[in-house]
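Visitor: Submitted below is the structure of interest, expressed as structure tokens.
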Amino acid sequence: MINRIKKYIIDKKLFLQTDNLLLAISGGADSVFLFFILHRLGYNIQLAHCNFNLRGRESDEDEYFVRNLANKYNVKFYIKSFETKTYAKKKKISIQMAAREIRYKWFNKLLAKHNLDFVITGHHKDDNVETFLINLIRGSGINGLSGIKPINKNVIRPLLEVTKIEILHFLKQKGIKYRNDSSNYEIKYLRNRIRQELIPLLEDINPKVKDKISDEVFLLENIRKIFLSHVDRIRTSLLFQQDDIYKLNISELNKLDNLEVILYEILHPFGFSEIHQIQKSLFSQSGTRFFSNKYQLIIDRDFIIISLLDTPQNDIKILEFDTEINNPLRMRFSLSTNCLVDKSLNVAQLDFEKLTFPLKLRKWKYGDKFVPLGMTNFKKLSDFFIDKKYTILDKKKQWILCSKEDVVWIVGQRIDDRYKIETNTKKVYIAELL
């Protein structure tokens, strides 16, 4: 067993004998088994134990067990207590997700602070099978179905070819003690229900179902690599970025075979899962929007547009003697007696005496109207944008400068004719977009 795991580490190039390893140890069978294997092989290991305070006295006894184990073998260790339920409530996430987040944040801090190279975990072959079934039930695409990866950034899992039965047999044979986590038997958790109910049912149908699923995971991982290479080529050719905005050309997308699958792989990293509805919207009226936790997706005339969700923008007051602002736009303000017209779209020349201060810089809203320079009648900003062939994203980004409630300048586009400079203008107020 020991040589088999050593061979796996070497063949997969997981880490070197000289690397400094941080072993995540709960005190349970899997992590204790991994501790003894790595210790026997002479790797440089330190231990990290999380007390999540979820099982009362049992959690404290796990911590006591790990302390004793580390002291017995003279291994450096770190232990941290977490208020997991409080964290989960604050973040509005599950207890399991909270425990995962806080432990990996802590592990990363330990790596940086103590000059350690990798976090090592005791995930094994059975975990891989369970994860495959969880992802199949929840839906995860080919990435999830290809199983747990032996290397995921700085997290390494050397036991993915070892079964739970083999781990327990080794510990029993060597007389090695470990802790049992009572929560592993609570079927309110999906993983436990799969382990205790679904897998035994599948084993009734095929006693070697775990091996079969493991074989499928291995096959899917290799298919995944080929498939993602293909997706990367498509992503590179069709998805382009401008600042924080991403665009996908709809006409080019529609030329692709298996569009829904390709869309899933491109859009899933942004948090979008309703791919079928997004694809259907490509052929309907533009303007349809979808939202993930961090992004919004807009189906425009020619593009799928992906952008970060807006943070509410407060109106900005421009005082009479302000000379410059840097947020949300970089703008410069000045006064002049020179009435020579500047035709640059980034410069607004306004009759100072017609303005009421403070001016207000804000985002446009439906119902806004102005008298475009050179015209005599009011025009809705929404109609002005249509004439200018604004995309939905262009409209979303547009700022306007107001005097009281009057729109005096669609910033970077057109001033209001009522506020233009004339032959009798004595003082020119100049707003310049930098």
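Going through the structure tokens in order, the chains are called A, B, and so on, while each chain numbers its residues from 1 and the ligands are numbered from 1 in the order shown.
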Just the residues within 8 Å of segment 401-407 of chain A, please, counting only C-alpha atoms, with nothing from its chain fewer than 2 positions along; format it as a count of residues only.
Guide: 16
Visitor: So that I can see what lies close to segment 326-329 of chain A, please list as an NGL selection string the residues with an atom at most 9 Å from it, counting only C-alpha atoms and leaving out residues fewer than 5 positions away in the same chain.
Guide: :A and (313 or 316 or 399 or 433-434)
Visitor: Can you write just those residues out, C-alpha atoms, as a PDB file, in the first residue's frame?
Guide:
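Once everything was written out, this is result-v4.pdb:
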ATOM      1  CA  GLN A 313     -24.590  55.079  -8.403  1.00  0.00           C
ATOM      2  CA  ILE A 316     -22.850  63.649  -8.105  1.00  0.00           C
ATOM      3  CA  TRP A 399     -24.303  59.793 -17.829  1.00  0.00           C
ATOM      4  CA  LEU A 433     -14.892  64.743 -20.395  1.00  0.00           C
ATOM      5  CA  LEU A 434     -11.283  63.633 -19.974  1.00  0.00           C
TER       6      LEU A 434
END
Visitor: Could you give me the residues within segment 135-279 of chain A that DSSP places in alpha helix (DSSP H), as a PyMOL selection string?
Guide: chain A and resi 135-138+141-145+164-174+190-193+199-205+209-238+250-253+259-267+275-279
Visitor: Quick one: of A:Asn108, A:Asn222, A:Ser237, A:Ser59, who's nearest to Asn180 of chain A, counting only C-alpha atoms?
Guide: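 Counting only C-alpha atoms, the residue closest to Asn180 of chain A is A:Ser59.
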Visitor: Name all residues at most 12 Å from segment 418-430 of chain A (count only C-alpha atoms; drop same-chain ones fewer than 6 positions away) and give them as a PyMOL selection string.
Guide: chain A and resi 320-324+331-342+344+346-357+359+370-378+401-403+406-409
Visitor: May I ask for the distance between atom CA of Asn184 of chain A and atom CA of Lys85 of chain A, given in Å to one decimal place?
Guide: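 Separation between atom CA of Asn184 of chain A and atom CA of Lys85 of chain A: 17.7 Å.
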Visitor: Using 8 Å as the limit and counting only C-alpha atoms, can you tabulate each residue of segment 165-228 of chain A that touches segment 145-158 of chain A, with its shortest atom-to-atom distance in Å and the two atoms involved, as a tab-separated table?
Guide:
residue	atom	partner	partner_atom	distance
A:Val217	CA	A:Ser146	CA	4.9
A:Phe218	CA	A:Ser146	CA	6.8
A:Leu219	CA	A:Ser146	CA	7.8
A:Leu220	CA	A:Ser146	CA	5.0
A:Glu221	CA	A:Ser146	CA	4.6
A:Arg224	CA	A:Ser146	CA	7.1
Visitor: Could you write out the selected residues, including C-alpha atoms, as a PDB file, in the first residue's frame?
Guide:
ATOM      1  CA  VAL A 217     -14.630   9.255 -14.505  1.00  0.00           C
ATOM      2  CA  PHE A 218     -11.189   8.433 -15.928  1.00  0.00           C
ATOM      3  CA  LEU A 219     -12.609   8.280 -19.463  1.00  0.00           C
ATOM      4  CA  LEU A 220     -14.551  11.530 -19.012  1.00  0.00           C
ATOM      5  CA  GLU A 221     -11.453  13.293 -17.724  1.00  0.00           C
ATOM      6  CA  ARG A 224     -12.843  16.689 -21.000  1.00  0.00           C
TER       7      ARG A 224
END
Visitor: Identify which of the residues A:Val261, A:Val32, A:Ile95, A:Ile167 lies closest to Asn53 of chain A, counting only C-alpha atoms when measuring atom-to-atom distances.
Guide: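 Comparing A:Val261, A:Val32, A:Ile95, A:Ile167 against Asn53 of chain A, the winner is A:Ile95.
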Visitor: Find the residue from A:Val119, A:Ile318, A:Asn143, A:Asn51 that sits nearest to Phe227 of chain A; use only C-alpha atoms when measuring.
Guide: A:Asn143
Visitor: Can you tell me how far atom CA of Ser182 of chain A sits from atom CA of Gly27 of chain A, in Å to one decimal?
Guide: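 Value for the atom CA of Ser182 of chain A-atom CA of Gly27 of chain A distance: 12.5 Å.
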Visitor: Do a neighbour search on Leu110 of chain A at 12 Å with only C-alpha atoms, toss out local chain neighbours closer than 3 positions, and write the hits as a list of chain:residue names.
Guide: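 Contacts, with the query itself left out: A:Asn20, A:Leu21, A:Leu22, A:Leu23, A:Ala24, A:Gln46, A:Leu47, A:Ala48, A:His49, A:Phe77, A:Tyr78, A:Ile79, A:Lys80, A:Arg103, A:Tyr104, A:Lys105, A:Trp106, A:Phe107, A:Lys113, A:His114, A:Asn115, A:Leu116, A:Asp117, A:Phe118, A:Val119.
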Visitor: Name the residues of segment 114-255 of chain A that come out as strand (DSSP E) in a backbone DSSP run; write them as a VMD selection string.
Guide: chain A and resid 118 to 120 151 to 152 155 to 156 239 to 242 245 to 249
Visitor: Just C-alpha atoms for this one: save the residues we selected as an mmCIF file, in the first residue's frame.
Guide:
data_model
loop_
_atom_site.group_PDB
_atom_site.id
_atom_site.type_symbol
_atom_site.label_atom_id
_atom_site.label_comp_id
_atom_site.auth_asym_id
_atom_site.auth_seq_id
_atom_site.Cartn_x
_atom_site.Cartn_y
_atom_site.Cartn_z
ATOM 1 C CA PHE A 118 0.808 22.515 -0.814
ATOM 2 C CA VAL A 119 -2.327 21.570 1.101
ATOM 3 C CA ILE A 120 -2.742 17.786 1.141
ATOM 4 C CA ILE A 151 -4.078 18.592 -8.346
ATOM 5 C CA ASN A 152 -6.270 21.684 -8.022
ATOM 6 C CA VAL A 155 -4.488 21.479 -3.156
ATOM 7 C CA ILE A 156 -3.254 17.919 -3.765
ATOM 8 C CA LEU A 239 -15.469 36.045 -26.764
ATOM 9 C CA PHE A 240 -13.713 39.355 -26.540
ATOM 10 C CA GLN A 241 -13.299 41.776 -23.666
ATOM 11 C CA GLN A 242 -13.488 45.556 -23.467
ATOM 12 C CA ILE A 245 -17.427 44.005 -20.556
ATOM 13 C CA TYR A 246 -17.481 40.687 -22.428
ATOM 14 C CA LYS A 247 -19.139 40.230 -25.821
ATOM 15 C CA LEU A 248 -20.106 37.165 -27.858
ATOM 16 C CA ASN A 249 -20.985 37.586 -31.519
#
Visitor: Would you mind telling me which residue in A:Ser284, A:Thr163, A:Asn314, A:Asn192 lies nearest to Phe33 of chain A when using only C-alpha atoms?
Guide: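 Nearest candidate to Phe33 of chain A out of A:Ser284, A:Thr163, A:Asn314, A:Asn192: A:Thr163.
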Visitor: Using only C-alpha atoms, find the one residue out of A:Asp211, A:Asp300, A:Glu265, A:Glu432 that sits nearest to Ile250 of chain A.
Guide: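 Result for the nearest residue to Ile250 of chain A: A:Asp300.
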Visitor: Can you pull out the residues contacting Arg179 of chain A? Cut-off 12 Å, using only C-alpha atoms, and skip same-chain residues under 5 positions away; I want them as a VMD selection string.
Guide: chain A and resid 25 to 33 58 to 66 69 168 171 184
Visitor: Show which residues sit within 12 Å of Asp127 of chain A, as number ranges by chain. Count only C-alpha atoms, and ignore same-chain residues fewer than 5 positions away.
Guide: A: 30, 121-122, 132-134, 147-149, 157, 159-164, 191-192, 194-195, 199, 210, 213-214
Visitor: Could you take the residues named above and write them with N, CA and C atoms, as a PDB file, in the first residue's frame?
Guide:
ATOM      1  N   ASP A  30      -9.558   8.685   7.002  1.00  0.00           N
ATOM      2  CA  ASP A  30      -8.876   9.039   5.753  1.00  0.00           C
ATOM      3  C   ASP A  30      -7.638   9.897   6.009  1.00  0.00           C
ATOM      4  N   THR A 121      -4.938  16.715   1.093  1.00  0.00           N
ATOM      5  CA  THR A 121      -6.184  16.221   1.678  1.00  0.00           C
ATOM      6  C   THR A 121      -6.348  14.722   1.439  1.00  0.00           C
ATOM      7  N   GLY A 122      -7.219  14.114   2.245  1.00  0.00           N
ATOM      8  CA  GLY A 122      -7.383  12.661   2.213  1.00  0.00           C
ATOM      9  C   GLY A 122      -8.524  12.171   1.345  1.00  0.00           C
ATOM     10  N   PHE A 132     -18.971  12.415  -8.216  1.00  0.00           N
ATOM     11  CA  PHE A 132     -19.532  12.224  -9.560  1.00  0.00           C
ATOM     12  C   PHE A 132     -21.057  12.176  -9.494  1.00  0.00           C
ATOM     13  N   LEU A 133     -21.601  11.411  -8.550  1.00  0.00           N
ATOM     14  CA  LEU A 133     -23.057  11.266  -8.438  1.00  0.00           C
ATOM     15  C   LEU A 133     -23.707  12.572  -7.981  1.00  0.00           C
ATOM     16  N   ILE A 134     -23.063  13.283  -7.056  1.00  0.00           N
ATOM     17  CA  ILE A 134     -23.586  14.591  -6.609  1.00  0.00           C
ATOM     18  C   ILE A 134     -23.660  15.545  -7.789  1.00  0.00           C
ATOM     19  N   GLY A 147     -14.806  14.224 -12.270  1.00  0.00           N
ATOM     20  CA  GLY A 147     -14.346  13.845 -10.942  1.00  0.00           C
ATOM     21  C   GLY A 147     -13.416  14.829 -10.262  1.00  0.00           C
ATOM     22  N   ILE A 148     -12.947  14.400  -9.079  1.00  0.00           N
ATOM     23  CA  ILE A 148     -12.009  15.190  -8.287  1.00  0.00           C
ATOM     24  C   ILE A 148     -10.642  15.115  -8.944  1.00  0.00           C
ATOM     25  N   LYS A 149      -9.977  16.239  -9.037  1.00  0.00           N
ATOM     26  CA  LYS A 149      -8.654  16.282  -9.669  1.00  0.00           C
ATOM     27  C   LYS A 149      -7.573  16.045  -8.624  1.00  0.00           C
ATOM     28  N   ARG A 157      -4.319  15.752  -3.788  1.00  0.00           N
ATOM     29  CA  ARG A 157      -5.030  14.599  -3.226  1.00  0.00           C
ATOM     30  C   ARG A 157      -4.338  13.302  -3.674  1.00  0.00           C
ATOM     31  N   LEU A 159      -4.718  10.194  -2.648  1.00  0.00           N
ATOM     32  CA  LEU A 159      -5.383   8.915  -2.359  1.00  0.00           C
ATOM     33  C   LEU A 159      -6.508   8.563  -3.319  1.00  0.00           C
ATOM     34  N   LEU A 160      -6.559   9.195  -4.488  1.00  0.00           N
ATOM     35  CA  LEU A 160      -7.721   9.011  -5.359  1.00  0.00           C
ATOM     36  C   LEU A 160      -7.807   7.627  -6.001  1.00  0.00           C
ATOM     37  N   GLU A 161      -6.756   6.828  -5.868  1.00  0.00           N
ATOM     38  CA  GLU A 161      -6.836   5.443  -6.367  1.00  0.00           C
ATOM     39  C   GLU A 161      -6.947   4.435  -5.236  1.00  0.00           C
ATOM     40  N   VAL A 162      -7.207   4.925  -4.026  1.00  0.00           N
ATOM     41  CA  VAL A 162      -7.336   4.059  -2.853  1.00  0.00           C
ATOM     42  C   VAL A 162      -8.789   4.072  -2.391  1.00  0.00           C
ATOM     43  N   THR A 163      -9.361   2.902  -2.093  1.00  0.00           N
ATOM     44  CA  THR A 163     -10.760   2.831  -1.665  1.00  0.00           C
ATOM     45  C   THR A 163     -10.872   2.967  -0.150  1.00  0.00           C
ATOM     46  N   LYS A 164     -12.052   3.272   0.306  1.00  0.00           N
ATOM     47  CA  LYS A 164     -12.315   3.386   1.744  1.00  0.00           C
ATOM     48  C   LYS A 164     -12.063   2.061   2.440  1.00  0.00           C
ATOM     49  N   ARG A 191     -24.369  14.093   0.477  1.00  0.00           N
ATOM     50  CA  ARG A 191     -23.285  13.123   0.305  1.00  0.00           C
ATOM     51  C   ARG A 191     -23.530  11.869   1.142  1.00  0.00           C
ATOM     52  N   ASN A 192     -23.984  12.046   2.375  1.00  0.00           N
ATOM     53  CA  ASN A 192     -24.247  10.893   3.226  1.00  0.00           C
ATOM     54  C   ASN A 192     -25.397  10.046   2.685  1.00  0.00           C
ATOM     55  N   ILE A 194     -26.238   9.736  -0.444  1.00  0.00           N
ATOM     56  CA  ILE A 194     -25.706   8.997  -1.601  1.00  0.00           C
ATOM     57  C   ILE A 194     -24.880   7.809  -1.133  1.00  0.00           C
ATOM     58  N   ARG A 195     -24.058   8.040  -0.111  1.00  0.00           N
ATOM     59  CA  ARG A 195     -23.179   6.984   0.404  1.00  0.00           C
ATOM     60  C   ARG A 195     -23.967   5.843   1.033  1.00  0.00           C
ATOM     61  N   ILE A 199     -25.735   4.476  -3.300  1.00  0.00           N
ATOM     62  CA  ILE A 199     -24.677   3.551  -3.739  1.00  0.00           C
ATOM     63  C   ILE A 199     -25.022   2.101  -3.393  1.00  0.00           C
ATOM     64  N   LYS A 210     -18.900   0.928  -8.243  1.00  0.00           N
ATOM     65  CA  LYS A 210     -17.882   1.942  -7.916  1.00  0.00           C
ATOM     66  C   LYS A 210     -16.729   1.896  -8.905  1.00  0.00           C
ATOM     67  N   ILE A 213     -17.980   3.304 -12.228  1.00  0.00           N
ATOM     68  CA  ILE A 213     -18.052   4.766 -12.212  1.00  0.00           C
ATOM     69  C   ILE A 213     -16.648   5.361 -12.248  1.00  0.00           C
ATOM     70  N   SER A 214     -15.713   4.763 -11.533  1.00  0.00           N
ATOM     71  CA  SER A 214     -14.330   5.251 -11.545  1.00  0.00           C
ATOM     72  C   SER A 214     -13.728   5.179 -12.942  1.00  0.00           C
TER      73      SER A 214
END
Visitor: Mind checking which residues fall within 10 Å of segment 272-274 of chain A, counting only C-alpha atoms, ignoring those fewer than 2 positions away in the same chain, and posting them as a PyMOL selection string?
Guide: chain A and resi 139-140+263-270+276-279+290-297
Visitor: Find, counting only C-alpha atoms, the residue in A:Ile5, A:Leu393, A:Ile205, A:Leu198 that gets nearest to His124 of chain A.
Guide: A:Ile5
